Amino acid sequence: MPARSQTASLVLKGSISAVLFALLGALVLVPMAMVVYAAFIDVLPFSGEGEAAWTLDNFRAVLSPEVGAAALNTLVVATGGTIVALAFGCTMAWLAARTDVPGKSLVHLAGVMPLFVSLLVAAVTWSLLGAGHSGYLNIIFRSLDVPLRIEIRSLAGIALVEGIYYAPYAYIILFGALTLVNPDLEEAAAVHGATLRQTLGIISFPLVRPALIGSALLIFVLIAEDFPVPQILGGPVGIETLSMRIYNMMTRIPSYPNQAGALSLMLTIAVWVLVYTQRRILAGADYRTVTGKGLRQRAIELGPWRWPATAFVVLYALVAVGLPMWALVQGALRANLFIPNAAAFFDLSQFSLRHVLDAAASTAVHDGFVNSLMAAAATSAFGCVFFFTLVYAVNRTDLPARQWLEYIAMVPLALPAIVLALGVLWTWVSLPLPVYGSLAILVIAFTTRFIPQGYRTISSAVIQIHDDLEHAALVAGASRWQTIKWVTLPLVRGGVVAAAFLLFVLSVREVAASLFLYTTKTRVLSIVLLESYESGLWSTVASISLLYTVMLVAITLVGLRWMRPAL
Amino acid sequence: AVDGETVADAKTFEAAKKEGRLLAYGTYPGDMMKPILAAFESDTGIKAEYVRLPSQGMYQRVTAEFAAKKLEADYIDLTDLPLIQQLINRGILNVPHRVPAFEQIPAAIKDPQGRWYAVIRPVAVIAVNRSRVADADIPKSWKDLINPKWKGIVGTVSIDAGGSVLSLYSFLREKVDPDFWPKFAALTPRIYPTIAPLTTDIARGEIALGIGAIAEPIWLQMKAGAPVKVVFPSEGIAVFPAAGGISTTAKNPNAAALFLNWLTSKRGGNVIARGGAYPANPGSNRPHLEGLEYPSVDRVWNLQLAEWMAERESRMKLWRETFGVK
Amino acid sequence: MSIRITNLRKQFGPVVAVGGLSLAVGDGQMLVLLGPSGCGKTTTMRCIAGLERPDAGTIAIADKVVFDGNGFNVPINQRNVGMVFQSYAIWPHMSVFDNVAFPLRVKNIDRREIEGRTADILTLVGLADLAQRGASLLSGGQMQRVALARSLVMRPSVLLFDEPLSNLDARLRDRLRIQLRELQTQFRITSLYVTHDQREALALADEIAVMHSGELLQVADPISIYSHPASCTVADFLGYSNIFRVGEVRPAEDGHEIVLAESATVLLAATAPAEAADLFACIRPEDMAVAPSNDKHSANAPNTLLGEVILASFMGSFMQYRVRADGGETFEVYSNDILGACKLGARVRLHVPARSVHVLPRI
Amino acid sequence: MSIRITNLRKQFGPVVAVGGLSLAVGDGQMLVLLGPSGCGKTTTMRCIAGLERPDAGTIAIADKVVFDGNGFNVPINQRNVGMVFQSYAIWPHMSVFDNVAFPLRVKNIDRREIEGRTADILTLVGLADLAQRGASLLSGGQMQRVALARSLVMRPSVLLFDEPLSNLDARLRDRLRIQLRELQTQFRITSLYVTHDQREALALADEIAVMHSGELLQVADPISIYSHPASCTVADFLGYSNIFRVGEVRPAEDGHEIVLAESATVLLAATAPAEAADLFACIRPEDMAVAPSNDKHSANAPNTLLGEVILASFMGSFMQYRVRADGGETFEVYSNDILGACKLGARVRLHVPARSVHVLPRI
Ligand SMILES: Nc1ncnc2c1ncn2[C@@H]1O[C@H](COP(=O)(O)OP(=O)(O)OP(=O)(O)O)[C@@H](O)[C@H]1O
Ligand SMILES: Nc1ncnc2c1ncn2[C@@H]1O[C@H](COP(=O)(O)OP(=O)(O)OP(=O)(O)O)[C@@H](O)[C@H]1O
Ligand SMILES: [Mg+2]
Ligand SMILES: [Mg+2]
């Protein structure tokens with residue numbers, strides 16, 4: 001019997017491994033292969049556009065001298081944005097997860113809310129707020145005779161906006177990680193003479209280094225790859241980034257998806273280098289903070305720091321949430337974008353609920369809403385199961401070649417949304433599966449696109465759980481599945497729920513992946529939004545954004561208590 | 001037959017009725033397309049569904065779907081004639097169809113075999129924010145734009161945004177001033193990637209004026225009380241075509257034919273004109289938006305297919321060089 | 001740096017972990033805290049360190065109040081109180097060296113000195129070879145030593161040891177115990193020490209405090225607490241495993257005659273029993289002698305009982321017996337006579353000197 | 001359900017945790033594993049349980065191979081091996097009850113029986129009152145008892161105890177030790193037990209194995225291992241704290257004369273020393289007698305030395321002395337005579353019986 005169970009377990013291992021690689025392969029590698037293939041040929045692939053010949057011209061074309069400037073801009077924006085995002089996200093996460101800062105659920109809300117609006121809307125919002133001449137803030141400054149003008153349409157401005165909108169990634173991942181830090185470890189630091197700052201700097205944050213570096217990498221690459229913000233804010237003032245170049249290559253006529261593929265391939269390699277570096281940095285040290293001697297949740301008393309902390313939260317909430325929301329409300333309630341002076345902000349005669357009500361009543365919005373909810377819920381459910389399995393396989397099993405799963409999982413990070421979307425289109429349109437044209441294809445696209453986000457969120461939680469807790473269950477005779485269900489999952493619940501939440505929100509607002517794949521029956525809300533935007537109906541855009549912000553706020557508040565481990 | 005005008009023979013109409021629905025792939029913004037589709041539906045009882053993508057994206061999607069034999073669209077339009085031509089060459093948009101109004105429609109805006117018609121032709125105009133430009137200074141012609149006082153406060157859309165900008169700039173170069181490009185570029189205009197943000201910035205006065213905006217969104221802002229104005233310059237205007245035809249793989253070919261007939265009919269044209277774009281049928285009304293006087297259709301300039309095919313790349317390259325866009 | 005605790009109280013929800021405890025440790029002294037599992041030792045220490053906010057009471061260190069019930073509370077890191085955590089609380093992401101050097105680093109001490117002192121203390125606890133190892137890649141005992149080294153290296157004025165040697169082998173424990181005591185006296189570190197090891201308690205303590213259910217039962221120097229426990233509970237805890245309820249006390253010629261409640265066996269106690277309702281006779285197993293009962297004549301001598309061996313186990317340096325006396329009581333007896341060991345079932349004669357019979361109140 | 005380990009080897013990178021260890025535990029027997037901190041005890045257990053994959057060797061449980069060096073490896077949950085983790089491995093998100101009931105629940109046992117058995121075992125370890133408490137909200141000792149209860153409740157055929165009682169007070173430890181032994185014999189649980197407490201080792205063990213640096217030095221029953229350690233290292237570890245290098249061995253009338261290398265002091269040993277290059281004389285402190293040296297005439301009797309007390313400490317039931325003999329050696333001596341205690345600095349006479357002088361090879 002042992003011999004048989006031995007073979008059986010080998011077979012099982014092999015088949016699990018095969019299934020994971022197959023799934024990940026279908027979701028990631030095939031679209032990636034399409035892109036890679038496109039990068040080395042001279043015609044558009046899969047379009048019947050004549051004979052393809054191998055070539056390196058795409059790379060040569062991409063490496064034009066102008067790329068240098070764009071790359072530099074990208075680097076500046078991504079680095080600056082990452083720093084801003086981490087600074088805000090980490091601080092907020094620490095406050096919400098570890099301290100007795102007042103109004104926890106509001107802190108939490110402020111931590112995640114910037115995530116809710118799509119980056120396109122966010123970019124327009126900030127351009128409304130901070131453009132040099134007619135930005136709301138500048139109008140107010142002018143009316144108050146304050147000799148201060150801000151110009152958000154600058155590298156610094158772009159970095160700031162990116163930072164603010166990616167801070168929730170850092171927030172969500174670090175929040176999960178910090179709730180899993182045994183307070184004993186911080187207390188030990190305090191007892192041994194460390195100030196709060198030293199405790200944070202030497203113990204708390206280094207302990208969650210996997211989450212920290214993981215989210216930094218995620219944010220850095222996502223910002224580098226992000227396109228709406230630099231396009232809306234930087235485009236008019238001549239700032240160009242790599243992502244804009246790729247987007248332009250993809251959308252200008254004639255388009256150069258092959259060159260975009262080449263550039264994406266180079267980015268993928270860069271991301272692999274980053275992931276490899278990350279693994280190297282983290283290797284050797286142990287980040288298992290939940291051990292077998294109990295985990296008591298205790299809040300750090302801020303004491304005199306309570307008020308500065310509260311002030312920070314309020315300020316952050318104001319800048320990251322309040323201002324854009326206010327701009328959205330302005331946009332939703334008034335049809336006309338022109339604001340002559342500060343008094344006009346309060347000119348009620350300009351306001352009307354008509355656009356909001358119209359949007360709320362529109363069948364297109366309704367249908368979009370339903371489609372978005374279904375696609376997002378399915379993505380978030382399927383994604384969580386799949387990503388957790390991946391994370392578990394990589395970190396907790398001896399499956400062959402399991403590290404490669406992680407490298408593959410990070411690929412979608414490197415592919416700009418629009419390139420990935422095209423890859424997904426090429427892949428799934430030609431597969432003989434009845435998914436194309438259904439909501440399922442959107443779920444597949446979303447899942448593919450958000451693998452890195454979901455994977456990282458879950459993995460940084462799993463890394464923190466000491467494997468002996470699982471060993472104890474196995475020793476007690478539990479099967480793998482029982483162990484996962486009763487021990488692992490409850491402990492990493494925070495991370496898994498955070499991933500589910502992240503996937504949900506990101507899916508609701510995702511534009512690029514939907515654009516190539518939606519049909520009239522699967523028109524999602526983000527498409528409705530984009531249509532209105534392109535038709536110049538900003539008030540509709542603002543109204544829809546507000547509507548789903550309200551929905552997501554509700555979901556956030558309900559989900560808050562599940563974002564912690566089940567202690 | 002609608003409004004005393006024959007849109008289709010009884011056989012096509014019956015067949016179309018039986019099909020009952022129509023799937024259109026288009027590039028014209030969805031919200032602007034809505035009233036057109038609604039009118040079509042109420043005229044014919046055929047439900048029209050609409051998928052919208054920008055031209056290049058649409059082209060990629062259509063070719064990929066076609067290659068995979070999954071193209072479901074009955075009707076396809078693009079705002080780029082060479083791409084339309086490529087669709088034809090690939091056999092994707094290869095259904096010669098003579099609409100009832102075929103003869104009336106000028107040759108420049110239709111395929112001689114009726115495989116496509118420039119059914120909707122939006123206008124690229126000058127838009128001005130009056131809070132930043134004195135009434136007296138408001139330009140009346142394209143030439144008025146070449147003036148140092150606009151330096152830094154004028155905006156335009158990048159040529160990469162699509163056919164609309166290409167035709168506008170071709171028009172400016174050919175009909176207004178062969179040196180319009182360098183002269184205008186010297187004003188260092190802000191270059192917007194697409195039309196929407198240009199519109200926003202004009203409406204709120206971030207820039208004083210811009211070219212390449214489409215009339216309707218500006219007009220909407222004007223109606224809502226923003227101090228904006230649409231200028232139809234004296235030299236004439238450039239339109240760009242949303243050129244559509246029947247898909248080879250159409251599931252509802254009759255409905256598609258009916259739709260194409262309707263779009264090119266007088267009645268359909270009137271509906272299109274009500275949205276502020278020029279229709280294909282010369283017998284339709286002039287485009288009309290309350291408070292805007294559109295020039296008559298003979299002042300409208302079309303970039304023609306042959307020129308488009310021949311000059312596109314070189315012109316775009318030249319434009320980028322002139323305006324310093326990489 | 002004395003520690004003075006008055007009326008300390010700490011509840012966790014309905015659970016009273018510490019209930020009105022008062023305690024003082026003199027400057028440079030070491031007080032060993034004994035008590036059954038869950039009696040509140042760790043909680044008391046955590047309150048002193050500032051990790052737990054007491055519900056009531058005051059805590060003063062070096063005559064400065066660091067906590068009073070009115071909201072005054074000196075932050076943890078300003079109390080200069082070191083602590084060896086019962087759970088070790090080793091930082092897993094750092095090396096052994098970094099863990100131990102931490103208290104010095106946060107004080108911005110000169111690098112050279114940090115290295116020197118850390119290396120010294122690592123040598124002391126026998127971990128010098130492992131300095132560069134990740135701190136969680138250690139055996140249980142090695143981790144415990146890291147925790148110990150980490151708090152020793154900072155030489156705080158007050159040091160709280162929460163079972164610092166519990167996972168070490170006896171030899172190492174002996175060695176460390178001695179070195180710990182040396183360090184403690186050398187640097188005059190006022191210490192509170194929790195242990196469950198009697199040898200440790202005796203070897204280290206200037207004073208021993210016995211806790212029970214969040215309260216203090218007795219505080220005294222080691223010799224008196226072992227030889228004169230104040231109550232049956234303390235005696236029980238200190239290894240007086242023969243405890244019998246007393247029925248009657250009669251004054252006798254050379255002491256007091258004690259009649260056990262259950263069996264009417266009479267024992268002679270040298271010292272006068274306390275005045276209390278419930279009294280217990282407490283005898284340590286080491287204080288009883290056991291011998292084969294072939295000599296019948298001594299059966300009636302005072303404090304001599306006959307019985308049968310019902311359990312005999314070899315304990316390395318002594319024999320442990322359980323003997324059922326003919327009166328019915330079961331006695332536990334340790335005997336050093338390993339060679340002349342009695343066998344299971346043997347009839348034996350037990351003897352206990354009158355001065356070893358302690359008659360004590362319940363609490 | 002015997003356990004048989006052959007040539008077990010486990011390295012962590014360059015660290016050899018277990019180096020070619022062979023060991024067998026008979027069905028229903030309890031083997032106690034002794035060894036200094038970091039010698040590989042836990043690693044050995046983890047290999048048996050399947051938590052660690054050995055580098056080489058085979059492990060068989062109940063005569064079925066569960067691991068061999070060729071890739072055959074029975075998964076953890078099919079080995080039916082219970083384990084008390086040194087680090088407890090308590091699930092922080094479950095209540096005490098749920099922690100303990102877990103092994104039964106995964107077996108789909110009837111609910112009633114689960115509740116009954118869990119309650120029983122909780123009563124046994126004294127946690128019945130805390131059943132509904134979250135397992136993180138416990139004291140260290142209480143957590144350890146949860147860990148113990150959790151492994152006892154499943155009544156596996158093999159049970160590995162990794163210092164299961166180290167954080168409990170002596171009384172509780174005594175009680176649990178007895179009950180554990182009862183359970184173990186009742187259910188014939190083959191056990192491996194790690195402890196640093198000599199009493200525990202002696203009371204529980206059917207056999208004792210002494211480990212050192214990942215290797216096994218000696219396996220024997222408790223009495224023989226304590227009375228006849230095979231080597232100086234074993235003796236040292238078992239509390240033979242007086243160890244001196246031997247210079248010369250001379251056959252004598254009633255045994256062998258041993259000349260200590262450092263001081264030329266001569267001791268008489270009853271048993272013949274082993275044949276080995278390096279020999280050591282090992283004497284337990286309990287085996288030495290100490291008395292005030294007023295009677296001069298006995299100074300020259302065999303195995304009698306004169307010296308001075310350089311340390312005297314009260315150890316509750318005995319006195320611990322350190323005596324510097326006139327020959328230069330320092331002896332550690334335990335004396336039960338508390339009343340007639342010698343003072344620090346007093347001149348004393350030491351005596352050790354010839355049969356207590358063990359002359360042993362290094363390893
Ligand atoms: N994960 C690991 N990586 C590297 N070395 C390790 C690891 N785990 C244990 N070791 C080393 O292996 C050796 C044996 O460890 P093990 O835990 O088996 O010791 P032990 O006998 O149980 O000690 P203790 O009594 O202190 O618990 C130790 O020297 C330890 O430092
Ligand atoms: N966070 C908590 N919530 C509820 N009860 C607690 C908490 N922490 C400790 N207790 C309880 O308070 C009591 C005292 O705990 P404490 O840790 O001080 O015991 P201890 O004397 O150190 O015991 P041990 O010797 O087992 O370590 C125990 O009964 C414990 O169950
Ligand atoms: Mg404790
Ligand atoms: Mg161990």
# chains A, B, ... in the order shown; residues from 1 in each chain; ligands from 1
$ residues_near_ligand --ligand "ligand 2" --cutoff "9 Å" --atoms "only C-alpha atoms and all ligand atoms" --output "PyMOL selection string"
(chain A and resi 296-298) or (chain C and resi 10-18+34-46+86+162-163+194-196+211-214) or (chain D and resi 130+133-134+136-145+167-169)
$ residues_around --residues "region 218-225 of chain D" --least-positions-apart "2" --cutoff "7 Å" --atoms "only C-alpha atoms" --output "list in words"
Phe314 of chain C; Leu202, Ala205, Asp206, Glu207, Ile208, Ala209, Val210, Leu216, Ser227, His228, Pro229 and Ala230 of chain D
$ write_last_selection --atoms "N, CA and C atoms" --output "PDB file, in the first residue's frame"
ATOM      1  N   PHE C 314      14.035   4.573  40.312  1.00  0.00           N
ATOM      2  CA  PHE C 314      15.403   5.062  40.362  1.00  0.00           C
ATOM      3  C   PHE C 314      15.446   6.463  39.769  1.00  0.00           C
TER       4      PHE C 314
ATOM      5  N   LEU D 202      14.393   9.880  33.805  1.00  0.00           N
ATOM      6  CA  LEU D 202      14.468   8.640  34.565  1.00  0.00           C
ATOM      7  C   LEU D 202      13.097   8.053  34.820  1.00  0.00           C
ATOM      8  N   ALA D 205      11.627   6.850  31.052  1.00  0.00           N
ATOM      9  CA  ALA D 205      12.310   6.107  29.998  1.00  0.00           C
ATOM     10  C   ALA D 205      12.278   4.600  30.205  1.00  0.00           C
ATOM     11  N   ASP D 206      12.014   3.882  29.131  1.00  0.00           N
ATOM     12  CA  ASP D 206      12.376   2.477  29.100  1.00  0.00           C
ATOM     13  C   ASP D 206      13.850   2.379  28.747  1.00  0.00           C
ATOM     14  N   GLU D 207      14.232   3.249  27.833  1.00  0.00           N
ATOM     15  CA  GLU D 207      15.639   3.351  27.483  1.00  0.00           C
ATOM     16  C   GLU D 207      15.999   4.821  27.322  1.00  0.00           C
ATOM     17  N   ILE D 208      17.274   5.101  27.556  1.00  0.00           N
ATOM     18  CA  ILE D 208      17.742   6.471  27.369  1.00  0.00           C
ATOM     19  C   ILE D 208      18.831   6.455  26.298  1.00  0.00           C
ATOM     20  N   ALA D 209      18.732   7.439  25.390  1.00  0.00           N
ATOM     21  CA  ALA D 209      19.776   7.572  24.385  1.00  0.00           C
ATOM     22  C   ALA D 209      20.417   8.932  24.564  1.00  0.00           C
ATOM     23  N   VAL D 210      21.728   8.946  24.571  1.00  0.00           N
ATOM     24  CA  VAL D 210      22.415  10.228  24.696  1.00  0.00           C
ATOM     25  C   VAL D 210      22.999  10.607  23.339  1.00  0.00           C
ATOM     26  N   LEU D 216      24.804   9.410  18.087  1.00  0.00           N
ATOM     27  CA  LEU D 216      24.354   8.738  19.282  1.00  0.00           C
ATOM     28  C   LEU D 216      25.573   8.214  20.030  1.00  0.00           C
ATOM     29  N   SER D 227      24.453   4.717  36.049  1.00  0.00           N
ATOM     30  CA  SER D 227      25.517   4.182  36.894  1.00  0.00           C
ATOM     31  C   SER D 227      26.734   3.789  36.074  1.00  0.00           C
ATOM     32  N   HIS D 228      26.551   3.517  34.796  1.00  0.00           N
ATOM     33  CA  HIS D 228      27.707   3.121  34.001  1.00  0.00           C
ATOM     34  C   HIS D 228      27.752   3.845  32.677  1.00  0.00           C
ATOM     35  N   PRO D 229      27.966   5.134  32.705  1.00  0.00           N
ATOM     36  CA  PRO D 229      28.076   5.860  31.436  1.00  0.00           C
ATOM     37  C   PRO D 229      29.242   5.282  30.646  1.00  0.00           C
ATOM     38  N   ALA D 230      29.075   5.234  29.353  1.00  0.00           N
ATOM     39  CA  ALA D 230      30.080   4.587  28.529  1.00  0.00           C
ATOM     40  C   ALA D 230      31.277   5.478  28.271  1.00  0.00           C
TER      41      ALA D 230
END
$ residues_around --residues "region 103-112 of chain D" --least-positions-apart "2" --cutoff "10 Å" --atoms "only C-alpha atoms" --output "short mmCIF file (atom, residue, chain, number, x, y, z; two decimals) with N, CA, C and O atoms, in the first residue's frame"
data_model
loop_
_atom_site.label_atom_id
_atom_site.label_comp_id
_atom_site.auth_asym_id
_atom_site.auth_seq_id
_atom_site.Cartn_x
_atom_site.Cartn_y
_atom_site.Cartn_z
N ALA A 472 1.79 20.79 11.84
CA ALA A 472 1.07 20.26 13.00
C ALA A 472 -0.25 19.65 12.56
O ALA A 472 -0.67 18.62 13.09
N ALA A 473 -0.89 20.27 11.59
CA ALA A 473 -2.15 19.72 11.12
C ALA A 473 -1.92 18.42 10.37
O ALA A 473 -2.65 17.44 10.56
N LEU A 474 -0.89 18.39 9.56
CA LEU A 474 -0.60 17.15 8.82
C LEU A 474 -0.25 16.02 9.78
O LEU A 474 -0.68 14.89 9.62
N VAL A 475 0.55 16.38 10.79
CA VAL A 475 0.91 15.38 11.77
C VAL A 475 -0.33 14.86 12.47
O VAL A 475 -0.44 13.69 12.81
N ALA A 476 -1.30 15.73 12.66
CA ALA A 476 -2.54 15.32 13.30
C ALA A 476 -3.39 14.47 12.37
O ALA A 476 -4.50 14.09 12.72
N GLY A 477 -2.90 14.21 11.19
CA GLY A 477 -3.62 13.31 10.30
C GLY A 477 -4.48 13.99 9.27
O GLY A 477 -5.17 13.34 8.50
N ALA A 478 -4.45 15.33 9.25
CA ALA A 478 -5.29 16.04 8.30
C ALA A 478 -4.74 15.87 6.89
O ALA A 478 -3.53 15.76 6.70
N SER A 479 -5.65 15.84 5.93
CA SER A 479 -5.19 15.81 4.55
C SER A 479 -4.70 17.20 4.17
O SER A 479 -4.92 18.16 4.91
N GLN A 482 -7.64 19.50 4.07
CA GLN A 482 -8.13 19.89 5.41
C GLN A 482 -7.17 20.89 6.04
O GLN A 482 -7.60 21.85 6.68
N THR A 483 -5.90 20.65 5.85
CA THR A 483 -4.92 21.57 6.41
C THR A 483 -5.10 22.97 5.85
O THR A 483 -5.10 23.96 6.58
N TRP A 486 -8.53 24.48 7.15
CA TRP A 486 -8.69 24.83 8.56
C TRP A 486 -7.54 25.60 9.16
O TRP A 486 -7.66 26.23 10.19
N GLY D 82 2.32 11.10 15.93
CA GLY D 82 1.96 12.35 16.61
C GLY D 82 3.21 13.06 17.06
O GLY D 82 4.29 12.47 17.14
N ASP D 98 -10.87 23.71 20.03
CA ASP D 98 -10.72 23.39 18.61
C ASP D 98 -9.32 22.90 18.29
O ASP D 98 -9.13 22.02 17.46
N ASN D 99 -8.33 23.49 18.94
CA ASN D 99 -6.98 23.02 18.75
C ASN D 99 -6.86 21.55 19.12
O ASN D 99 -6.33 20.73 18.37
N VAL D 100 -7.41 21.24 20.28
CA VAL D 100 -7.23 19.89 20.79
C VAL D 100 -8.11 18.90 20.03
O VAL D 100 -7.72 17.75 19.78
N ALA D 101 -9.29 19.36 19.63
CA ALA D 101 -10.21 18.44 18.95
C ALA D 101 -9.81 18.19 17.50
O ALA D 101 -10.29 17.24 16.89
N ILE D 114 -15.87 13.03 20.06
CA ILE D 114 -14.87 14.11 20.00
C ILE D 114 -14.96 14.95 21.26
O ILE D 114 -13.97 15.21 21.93
N GLU D 115 -16.19 15.35 21.57
CA GLU D 115 -16.34 16.23 22.73
C GLU D 115 -15.89 15.54 24.01
O GLU D 115 -15.21 16.13 24.84
N GLY D 116 -16.27 14.29 24.12
CA GLY D 116 -15.89 13.56 25.33
C GLY D 116 -14.38 13.43 25.45
O GLY D 116 -13.80 13.82 26.46
N ARG D 117 -13.77 12.94 24.39
CA ARG D 117 -12.33 12.71 24.48
C ARG D 117 -11.56 14.00 24.67
O ARG D 117 -10.59 14.07 25.43
N THR D 118 -12.00 15.06 23.97
CA THR D 118 -11.31 16.34 24.11
C THR D 118 -11.44 16.87 25.53
O THR D 118 -10.47 17.32 26.14
N ARG D 150 -3.17 18.17 22.43
CA ARG D 150 -3.51 17.92 21.04
C ARG D 150 -2.87 16.64 20.52
O ARG D 150 -3.46 15.92 19.72
N SER D 151 -1.66 16.36 20.97
CA SER D 151 -1.05 15.15 20.43
C SER D 151 -1.50 13.91 21.20
O SER D 151 -1.53 12.82 20.65
N LEU D 152 -1.88 14.09 22.47
CA LEU D 152 -2.34 12.93 23.22
C LEU D 152 -3.70 12.47 22.75
O LEU D 152 -4.01 11.29 22.72
N VAL D 153 -4.54 13.45 22.37
CA VAL D 153 -5.93 13.10 22.09
C VAL D 153 -6.03 12.17 20.89
O VAL D 153 -6.95 11.37 20.79
N MET D 154 -5.07 12.26 19.99
CA MET D 154 -5.20 11.44 18.78
C MET D 154 -4.72 10.02 18.97
O MET D 154 -4.93 9.17 18.12
N ARG D 155 -4.11 9.73 20.11
CA ARG D 155 -3.62 8.37 20.41
C ARG D 155 -2.96 7.73 19.21
O ARG D 155 -3.39 6.67 18.73
N PRO D 156 -1.92 8.35 18.70
CA PRO D 156 -1.26 7.77 17.53
C PRO D 156 -0.47 6.56 17.96
O PRO D 156 -0.27 6.33 19.15
#
$ residues_around --residues "Gly155 (chain B)" --least-positions-apart "2" --cutoff "7 Å" --atoms "only C-alpha atoms" --output "PyMOL selection string"
chain B and resi 153+189-191+198+207+209-211
$ interface_residues --of "chain A" --to "chain B" --cutoff "8 Å" --atoms "only C-alpha atoms" --output "VMD selection string"
chain A and resid 46 to 49 66 124 131 to 135 231 to 232 235 to 238 248 250 to 255 335 to 339 425 to 426 429 to 430 515 to 516 518 to 520 531 to 537
$ atom_distance --atom1 "CA of Asn7 (chain C)" --atom2 "CA of Gly303 (chain A)"
24.3 Å
$ closest_residue --among "D:Leu160, D:Val249, D:Ile90, D:Val96" --to "ligand 4" --atoms "only C-alpha atoms and all ligand atoms"
D:Leu160
